Amino acid sequence: MLERIMCGIAGICRLDASPLDPQARHWVQAMTDRIAHRGPDGEGQWLNGPVCLGHRRLSIIDLGTGGQPMHSVDGRYTIVFNGEIYNFAELKEELSSAGACFQTSSDTEVILEGYRQWGVDCLARFNGMFAFALWDAVEQRLFCARDPFGKKPFFYTVQQGRLHFASELTALEQLRGQGAGLNLTLRPEAVMRYLAYEYVPTPQTVYGEVESLPPAHWLVLEGGSLRTGRYWDMPVPDENDRRSTDELCEELRVLLARAVRRRMVSDVPLGVFLSGGIDSSIVAGLMARQSSSPVKTFSIGFTEASYDESRYARIVAGTFGTDHHERVLSAEECADNLPGIISKMDVPMADASVAPTWLLSGVTREKVTVALGGDGADELWAGYEHYIGFKVAEWYNALPAVLRRKVVEPLARRLPSSAGYINPRLAVATFLRAAQAPAWQRVQTMLTAFTPDMQAEILSGSFRAQAPGFLAPERLFAPTREQYEHWPHNTAAPLARAFHVYVRQFMLDDILVKVDRCSMLHSLEVRAPFLDRDVAEFAARLPVDRKLHGFKRKWLLKRAFADLLPREILYRNKRGFQIPVAEWLRGRMRPLVEDLLSADSLRAQGIFDPAAVRALVDEHVSGRADLRKPLWTLLVFQLWWQARNGSGTGI
């Protein structure tokens with residue numbers, strides 16, 4: 001029986017390999033205590049010479065064994081591991097044939113023996129989600145790694161001659177005032193990037209001293225030096241793939257069914273997040289086909305008809321005969337919960353759908369410990385309108401300049417404005433701004449909250465002076481350009497590069513952070529079949545027109561599962577969780593806005609210009625402009641800031 005555990009990890013290792021002070025055990029204990037929600041079922045610390053490792057455990061399978069830190073049979077290797085290796089059985093068989101001895105049924109032990117056999121190359125063989133740290137007592141080497149898409153977090157800092165790492169930033173924050181001597185200072189460049197992206201792009205964090213290990217990367221500390229490297233990369237699309245649609249559909253059905261089956265192994269109750277969209281409905285349907293009992297499904301509904309899509313989830317549940325659980329809320333309940341939810345996040349991240357994701361995680365955790373979801377499908381299969389926008393922008397730019405300036409742009413300014421889910425005028429204005437941007441910047445322009453010009457207005461002069469010239473687009477958006485130009489020139493079309501930007505930025509630092517934190521704060525594990533490495537590589541290699549076929553998003557995915565899904569689901573438009581942010585900021589959340597963005601608060605903080613922020617608020621509240629995105633981004637930062645300063649962990 002396989003033992004799998006979702007959890008939190010933390011640790012300290014001296015660079016010069018000299019013994020740690022015994023106090024290090026208490027420092028690691030403080031870190032693991034701070035992330036106890038990631039593993040409420042058990043804990044462990046291990047101190048030996050220059051290294052101390054800590055672990056919090058959320059038991060999923062083979063509940064009686066598999067405590068961590070775990071040691072190899074001969075005691076040479078010790079590991080703390082957060083995640084799951086889904087192909088562990090095949091690897092265990094291969095390792096056993098090569099002479100490896102196992103004392104548990106754990107996938108954790110497969111990592112230990114895999115590293116013994118293959119070294120760093122073991123990572124290329126793991127299909128799973130993971131973050132781990134492995135100590136080699138003979139070589140005095142610490143080996144750490146993060147999964148290919150970054151589902152599991154890994155933060156680290158090198159200070160005081162020591163490497164400190166943890167699953168969340170809040171754990172590292174515990175070492176201020178603990179005698180460990182960590183400095184964690186707000187980095188102006190990170191704040192500027194947060195205001196633009198609504199998150200701080202990996203590997204940077206909001207703290208100047210801390211980095212996030214990128215997905216598909218390893219980190220090795222040995223001989224006093226720290227080095228990192230990549231072990232896997234997204235495949236380049238093969239535009240010469242001539243396989244028939246039927247062949248591709250059959251392969252996709254096999255791969256995704258296997259990915260779902262791998263994620264259904266559990267000794268604790270298991271269910272699925274069911275929004276009623278294409279992705280979660282496919283997962284629910286494949287689970288139902290492979291389950292001997294009704295699958296448990298979970299969804300959130302709203303009392304306001306304009307925001308409620310729960311009927312689609314009920315259609316899917318009825319089709320597949322699931323044991324469906326639904327919680328109906330008012331939009332106001334989401335608004336009331338938002339400040340507390342954001343305050344619990346270890347990183348500032350301004351995706352307003354964090355509220356329903358948090359609430360859905362809570363509802364799900366009442367019945368199960370593990371849930372499958374549809375994460376990754378929108379990014380890998382062109383689920384967002386922005387993919388169409390990217391393609392249309394190329395056509396738009398081919399129009400005569402006079403037609404664009406004299407006809408299209410004036411008409412766009414006459415479109416109606418709305419505080420609802422879609423604001424036509426705002427949407428078209430955003431598209432036009434993106435169309436005018438360089439191709440490498442186009443995706444991010446459609447997602448940007450504060451443009452460089454807007455930041456120049458709202459940031460105080462003294463704060464901007466700490467990062468002179470950083471608001472130049474080439475510097476502010478450098479992470480996007482790096483991802484867009486990741487592949488050598490002439491190896492991928494512009495739209496294929498846009499896919500890479502979405503996966504390596506928006507999915508990583510928005511979608512996966514949101515789901516990981518909201519679920520783990522409820523001690524709930526979420527598994528993502530669409531991010532199975534075999535499924536993801538299949539999607540990435542496809543010619544772009546098999547995913548975005550004309551204006552048809554997720555074209556091949558829908559073709560492959562047309563016989564599985566109800567017609568009402570197959571042909572509905574994607575909308576996602578609908579949050580009336582524009583309306584809230586003018587009404588229910590107005591007192592919070594006035595409090596956190598008051599002139600006195602902003603002057604005391606020293607980051608923002610009070611008069612400029614006041615003008616921003618007035619423009620939105622009066623209805624003269626729809627500034628929901630920048631204003632919400634600013635409010636989230638203030639909530640995150642207040643949570644740290646108000647709890648005695650000031651920045």
# chains A, B, ... in the order shown; residues from 1 in each chain; ligands from 1
>>> residues_around(residues="region 529-537 of chain A", least_positions_apart="4", cutoff="8 Å", atoms="only C-alpha atoms", output="PyMOL selection string")
chain A and resi 127-128+148-149+234-235+252+255-256+259-260+263+283+372-377+380+541
>>> select_by_dssp(residues="region 12-241 of chain A", states="strand (DSSP E)", output="ChimeraX atom specification")
/A:12-14,42-48,51-59,70-71,77-85,128-136,141-146,155-159,162-166,211-212,217-222,225-230
>>> closest_residue(among="A:Ile9, A:Ala350, A:Val503, A:Leu286", to="Ile35 (chain A)", atoms="only C-alpha atoms")
A:Ile9
>>> residues_around(residues="Pro339 (chain A)", least_positions_apart="4", cutoff="9 Å", atoms="only C-alpha atoms", output="list in words")
Ala335, Ser343, Lys344, Leu592, Val636, Leu639 and Trp640 of chain A
>>> atom_distance(atom1="CA of Phe463 (chain A)", atom2="CA of Leu508 (chain A)")
28.1 Å
>>> closest_residue(among="A:His500, A:Arg405, A:His26, A:Lys152", to="Ala131 (chain A)", atoms="only C-alpha atoms")
A:Lys152
>>> residues_around(residues="Glu90 (chain A)", least_positions_apart="2", cutoff="12 Å", atoms="only C-alpha atoms", output="list in words")
Ile85, Tyr86, Asn87, Phe88, Lys92, Glu93, Glu94, Leu95, Ser96, Ser97, Asp107, Val110, Gly114, Arg125, Phe126 and Asn127 of chain A
>>> write_last_selection(atoms="C-alpha atoms", output="PDB file, in the first residue's frame")
ATOM      1  CA  ILE A  85       4.998  10.594  -6.980  1.00  0.00           C
ATOM      2  CA  TYR A  86       2.217   9.053  -9.042  1.00  0.00           C
ATOM      3  CA  ASN A  87       4.404   6.625 -10.990  1.00  0.00           C
ATOM      4  CA  PHE A  88       6.136   5.382  -7.849  1.00  0.00           C
ATOM      5  CA  LYS A  92      10.007   0.969  -7.255  1.00  0.00           C
ATOM      6  CA  GLU A  93       9.952  -2.119  -9.438  1.00  0.00           C
ATOM      7  CA  GLU A  94      12.828  -0.805 -11.535  1.00  0.00           C
ATOM      8  CA  LEU A  95      14.861   0.135  -8.467  1.00  0.00           C
ATOM      9  CA  SER A  96      14.215  -3.233  -6.812  1.00  0.00           C
ATOM     10  CA  SER A  97      15.477  -4.957  -9.938  1.00  0.00           C
ATOM     11  CA  ASP A 107       6.680   6.949  -2.448  1.00  0.00           C
ATOM     12  CA  VAL A 110      11.256   5.800  -3.739  1.00  0.00           C
ATOM     13  CA  GLY A 114      15.892   6.945  -6.808  1.00  0.00           C
ATOM     14  CA  ARG A 125      11.677  10.115 -13.925  1.00  0.00           C
ATOM     15  CA  PHE A 126       9.212  11.461 -11.330  1.00  0.00           C
ATOM     16  CA  ASN A 127       5.644  12.123 -12.443  1.00  0.00           C
TER      17      ASN A 127
END
>>> closest_residue(among="A:Ala10, A:Leu616, A:Ala137, A:Cys518", to="Glu222 (chain A)", atoms="only C-alpha atoms")
A:Ala137
>>> residues_around(residues="Leu471 (chain A)", least_positions_apart="4", cutoff="12 Å", atoms="only C-alpha atoms", output="PyMOL selection string")
chain A and resi 188-193+195-196+450-457+459+463-467+475-478
>>> atom_distance(atom1="CA of Leu570 (chain A)", atom2="CA of Gly550 (chain A)")
17.3 Å
>>> decode(residues="region 538-551 of chain A", atoms="all heavy atoms", output="PDB file, in the first residue's frame")
ATOM      1  N   PHE A 538       1.885  16.083 -23.782  1.00  0.00           N
ATOM      2  CA  PHE A 538       1.058  15.838 -24.965  1.00  0.00           C
ATOM      3  C   PHE A 538       0.438  17.152 -25.446  1.00  0.00           C
ATOM      4  O   PHE A 538       0.493  17.482 -26.642  1.00  0.00           O
ATOM      5  CB  PHE A 538      -0.032  14.822 -24.632  1.00  0.00           C
ATOM      6  CG  PHE A 538      -1.053  14.626 -25.726  1.00  0.00           C
ATOM      7  CD1 PHE A 538      -0.819  13.732 -26.759  1.00  0.00           C
ATOM      8  CD2 PHE A 538      -2.247  15.341 -25.717  1.00  0.00           C
ATOM      9  CE1 PHE A 538      -1.754  13.551 -27.765  1.00  0.00           C
ATOM     10  CE2 PHE A 538      -3.185  15.172 -26.718  1.00  0.00           C
ATOM     11  CZ  PHE A 538      -2.942  14.274 -27.748  1.00  0.00           C
ATOM     12  N   ALA A 539      -0.134  17.916 -24.518  1.00  0.00           N
ATOM     13  CA  ALA A 539      -0.769  19.180 -24.885  1.00  0.00           C
ATOM     14  C   ALA A 539       0.243  20.179 -25.422  1.00  0.00           C
ATOM     15  O   ALA A 539      -0.006  20.878 -26.413  1.00  0.00           O
ATOM     16  CB  ALA A 539      -1.491  19.768 -23.674  1.00  0.00           C
ATOM     17  N   ALA A 540       1.400  20.262 -24.770  1.00  0.00           N
ATOM     18  CA  ALA A 540       2.400  21.248 -25.169  1.00  0.00           C
ATOM     19  C   ALA A 540       2.959  20.964 -26.559  1.00  0.00           C
ATOM     20  O   ALA A 540       3.291  21.903 -27.306  1.00  0.00           O
ATOM     21  CB  ALA A 540       3.535  21.278 -24.144  1.00  0.00           C
ATOM     22  N   ARG A 541       3.054  19.698 -26.939  1.00  0.00           N
ATOM     23  CA  ARG A 541       3.633  19.346 -28.243  1.00  0.00           C
ATOM     24  C   ARG A 541       2.663  19.543 -29.402  1.00  0.00           C
ATOM     25  O   ARG A 541       3.065  19.567 -30.570  1.00  0.00           O
ATOM     26  CB  ARG A 541       4.101  17.891 -28.224  1.00  0.00           C
ATOM     27  CG  ARG A 541       5.352  17.642 -27.397  1.00  0.00           C
ATOM     28  CD  ARG A 541       5.947  16.274 -27.707  1.00  0.00           C
ATOM     29  NE  ARG A 541       7.155  16.052 -26.929  1.00  0.00           N
ATOM     30  CZ  ARG A 541       7.221  15.342 -25.813  1.00  0.00           C
ATOM     31  NH1 ARG A 541       6.104  14.780 -25.342  1.00  0.00           N
ATOM     32  NH2 ARG A 541       8.354  15.195 -25.170  1.00  0.00           N
ATOM     33  N   LEU A 542       1.396  19.666 -29.109  1.00  0.00           N
ATOM     34  CA  LEU A 542       0.405  19.789 -30.182  1.00  0.00           C
ATOM     35  C   LEU A 542       0.600  21.075 -30.981  1.00  0.00           C
ATOM     36  O   LEU A 542       0.964  22.117 -30.424  1.00  0.00           O
ATOM     37  CB  LEU A 542      -1.006  19.789 -29.609  1.00  0.00           C
ATOM     38  CG  LEU A 542      -1.574  18.477 -29.094  1.00  0.00           C
ATOM     39  CD1 LEU A 542      -2.937  18.732 -28.449  1.00  0.00           C
ATOM     40  CD2 LEU A 542      -1.705  17.458 -30.218  1.00  0.00           C
ATOM     41  N   PRO A 543       0.319  21.029 -32.279  1.00  0.00           N
ATOM     42  CA  PRO A 543       0.253  22.285 -33.030  1.00  0.00           C
ATOM     43  C   PRO A 543      -0.762  23.220 -32.378  1.00  0.00           C
ATOM     44  O   PRO A 543      -1.805  22.764 -31.877  1.00  0.00           O
ATOM     45  CB  PRO A 543      -0.217  21.831 -34.417  1.00  0.00           C
ATOM     46  CG  PRO A 543       0.187  20.389 -34.514  1.00  0.00           C
ATOM     47  CD  PRO A 543       0.049  19.848 -33.120  1.00  0.00           C
ATOM     48  N   VAL A 544      -0.480  24.503 -32.393  1.00  0.00           N
ATOM     49  CA  VAL A 544      -1.332  25.456 -31.689  1.00  0.00           C
ATOM     50  C   VAL A 544      -2.771  25.398 -32.181  1.00  0.00           C
ATOM     51  O   VAL A 544      -3.718  25.543 -31.390  1.00  0.00           O
ATOM     52  CB  VAL A 544      -0.752  26.878 -31.836  1.00  0.00           C
ATOM     53  CG1 VAL A 544      -1.743  27.919 -31.343  1.00  0.00           C
ATOM     54  CG2 VAL A 544       0.555  26.995 -31.062  1.00  0.00           C
ATOM     55  N   ASP A 545      -2.990  25.161 -33.479  1.00  0.00           N
ATOM     56  CA  ASP A 545      -4.364  25.192 -33.994  1.00  0.00           C
ATOM     57  C   ASP A 545      -5.190  23.996 -33.549  1.00  0.00           C
ATOM     58  O   ASP A 545      -6.396  23.945 -33.776  1.00  0.00           O
ATOM     59  CB  ASP A 545      -4.377  25.327 -35.520  1.00  0.00           C
ATOM     60  CG  ASP A 545      -3.868  24.078 -36.238  1.00  0.00           C
ATOM     61  OD1 ASP A 545      -3.399  23.131 -35.562  1.00  0.00           O
ATOM     62  OD2 ASP A 545      -3.934  24.060 -37.485  1.00  0.00           O
ATOM     63  N   ARG A 546      -4.566  22.993 -32.885  1.00  0.00           N
ATOM     64  CA  ARG A 546      -5.347  21.898 -32.309  1.00  0.00           C
ATOM     65  C   ARG A 546      -5.933  22.291 -30.948  1.00  0.00           C
ATOM     66  O   ARG A 546      -6.817  21.606 -30.439  1.00  0.00           O
ATOM     67  CB  ARG A 546      -4.476  20.642 -32.144  1.00  0.00           C
ATOM     68  CG  ARG A 546      -3.903  20.113 -33.453  1.00  0.00           C
ATOM     69  CD  ARG A 546      -4.993  19.692 -34.423  1.00  0.00           C
ATOM     70  NE  ARG A 546      -4.466  19.173 -35.664  1.00  0.00           N
ATOM     71  CZ  ARG A 546      -4.405  17.884 -35.975  1.00  0.00           C
ATOM     72  NH1 ARG A 546      -4.846  16.997 -35.108  1.00  0.00           N
ATOM     73  NH2 ARG A 546      -3.918  17.495 -37.118  1.00  0.00           N
ATOM     74  N   LYS A 547      -5.426  23.369 -30.393  1.00  0.00           N
ATOM     75  CA  LYS A 547      -5.947  23.863 -29.109  1.00  0.00           C
ATOM     76  C   LYS A 547      -6.833  25.091 -29.319  1.00  0.00           C
ATOM     77  O   LYS A 547      -7.934  25.174 -28.768  1.00  0.00           O
ATOM     78  CB  LYS A 547      -4.774  24.176 -28.174  1.00  0.00           C
ATOM     79  CG  LYS A 547      -4.008  22.924 -27.762  1.00  0.00           C
ATOM     80  CD  LYS A 547      -2.760  23.228 -26.987  1.00  0.00           C
ATOM     81  CE  LYS A 547      -1.622  23.674 -27.882  1.00  0.00           C
ATOM     82  NZ  LYS A 547      -0.312  23.712 -27.182  1.00  0.00           N
ATOM     83  N   LEU A 548      -6.353  26.045 -30.112  1.00  0.00           N
ATOM     84  CA  LEU A 548      -7.162  27.212 -30.497  1.00  0.00           C
ATOM     85  C   LEU A 548      -7.396  27.102 -31.993  1.00  0.00           C
ATOM     86  O   LEU A 548      -6.561  27.504 -32.805  1.00  0.00           O
ATOM     87  CB  LEU A 548      -6.439  28.509 -30.140  1.00  0.00           C
ATOM     88  CG  LEU A 548      -7.213  29.800 -30.431  1.00  0.00           C
ATOM     89  CD1 LEU A 548      -8.519  29.851 -29.638  1.00  0.00           C
ATOM     90  CD2 LEU A 548      -6.365  31.023 -30.120  1.00  0.00           C
ATOM     91  N   HIS A 549      -8.539  26.547 -32.344  1.00  0.00           N
ATOM     92  CA  HIS A 549      -8.875  26.252 -33.743  1.00  0.00           C
ATOM     93  C   HIS A 549      -9.765  27.371 -34.253  1.00  0.00           C
ATOM     94  O   HIS A 549     -10.972  27.394 -33.995  1.00  0.00           O
ATOM     95  CB  HIS A 549      -9.593  24.905 -33.816  1.00  0.00           C
ATOM     96  CG  HIS A 549      -9.705  24.342 -35.191  1.00  0.00           C
ATOM     97  ND1 HIS A 549      -8.620  23.879 -35.905  1.00  0.00           N
ATOM     98  CD2 HIS A 549     -10.781  24.163 -36.002  1.00  0.00           C
ATOM     99  CE1 HIS A 549      -9.017  23.440 -37.080  1.00  0.00           C
ATOM    100  NE2 HIS A 549     -10.324  23.597 -37.171  1.00  0.00           N
ATOM    101  N   GLY A 550      -9.175  28.325 -34.984  1.00  0.00           N
ATOM    102  CA  GLY A 550      -9.915  29.538 -35.308  1.00  0.00           C
ATOM    103  C   GLY A 550     -10.181  30.294 -34.024  1.00  0.00           C
ATOM    104  O   GLY A 550      -9.255  30.687 -33.321  1.00  0.00           O
ATOM    105  N   PHE A 551     -11.456  30.466 -33.677  1.00  0.00           N
ATOM    106  CA  PHE A 551     -11.834  31.087 -32.401  1.00  0.00           C
ATOM    107  C   PHE A 551     -12.347  30.042 -31.407  1.00  0.00           C
ATOM    108  O   PHE A 551     -12.884  30.392 -30.359  1.00  0.00           O
ATOM    109  CB  PHE A 551     -12.913  32.149 -32.618  1.00  0.00           C
ATOM    110  CG  PHE A 551     -12.411  33.380 -33.311  1.00  0.00           C
ATOM    111  CD1 PHE A 551     -13.297  34.230 -33.953  1.00  0.00           C
ATOM    112  CD2 PHE A 551     -11.061  33.696 -33.330  1.00  0.00           C
ATOM    113  CE1 PHE A 551     -12.841  35.372 -34.599  1.00  0.00           C
ATOM    114  CE2 PHE A 551     -10.595  34.832 -33.970  1.00  0.00           C
ATOM    115  CZ  PHE A 551     -11.487  35.667 -34.605  1.00  0.00           C
TER     116      PHE A 551
END
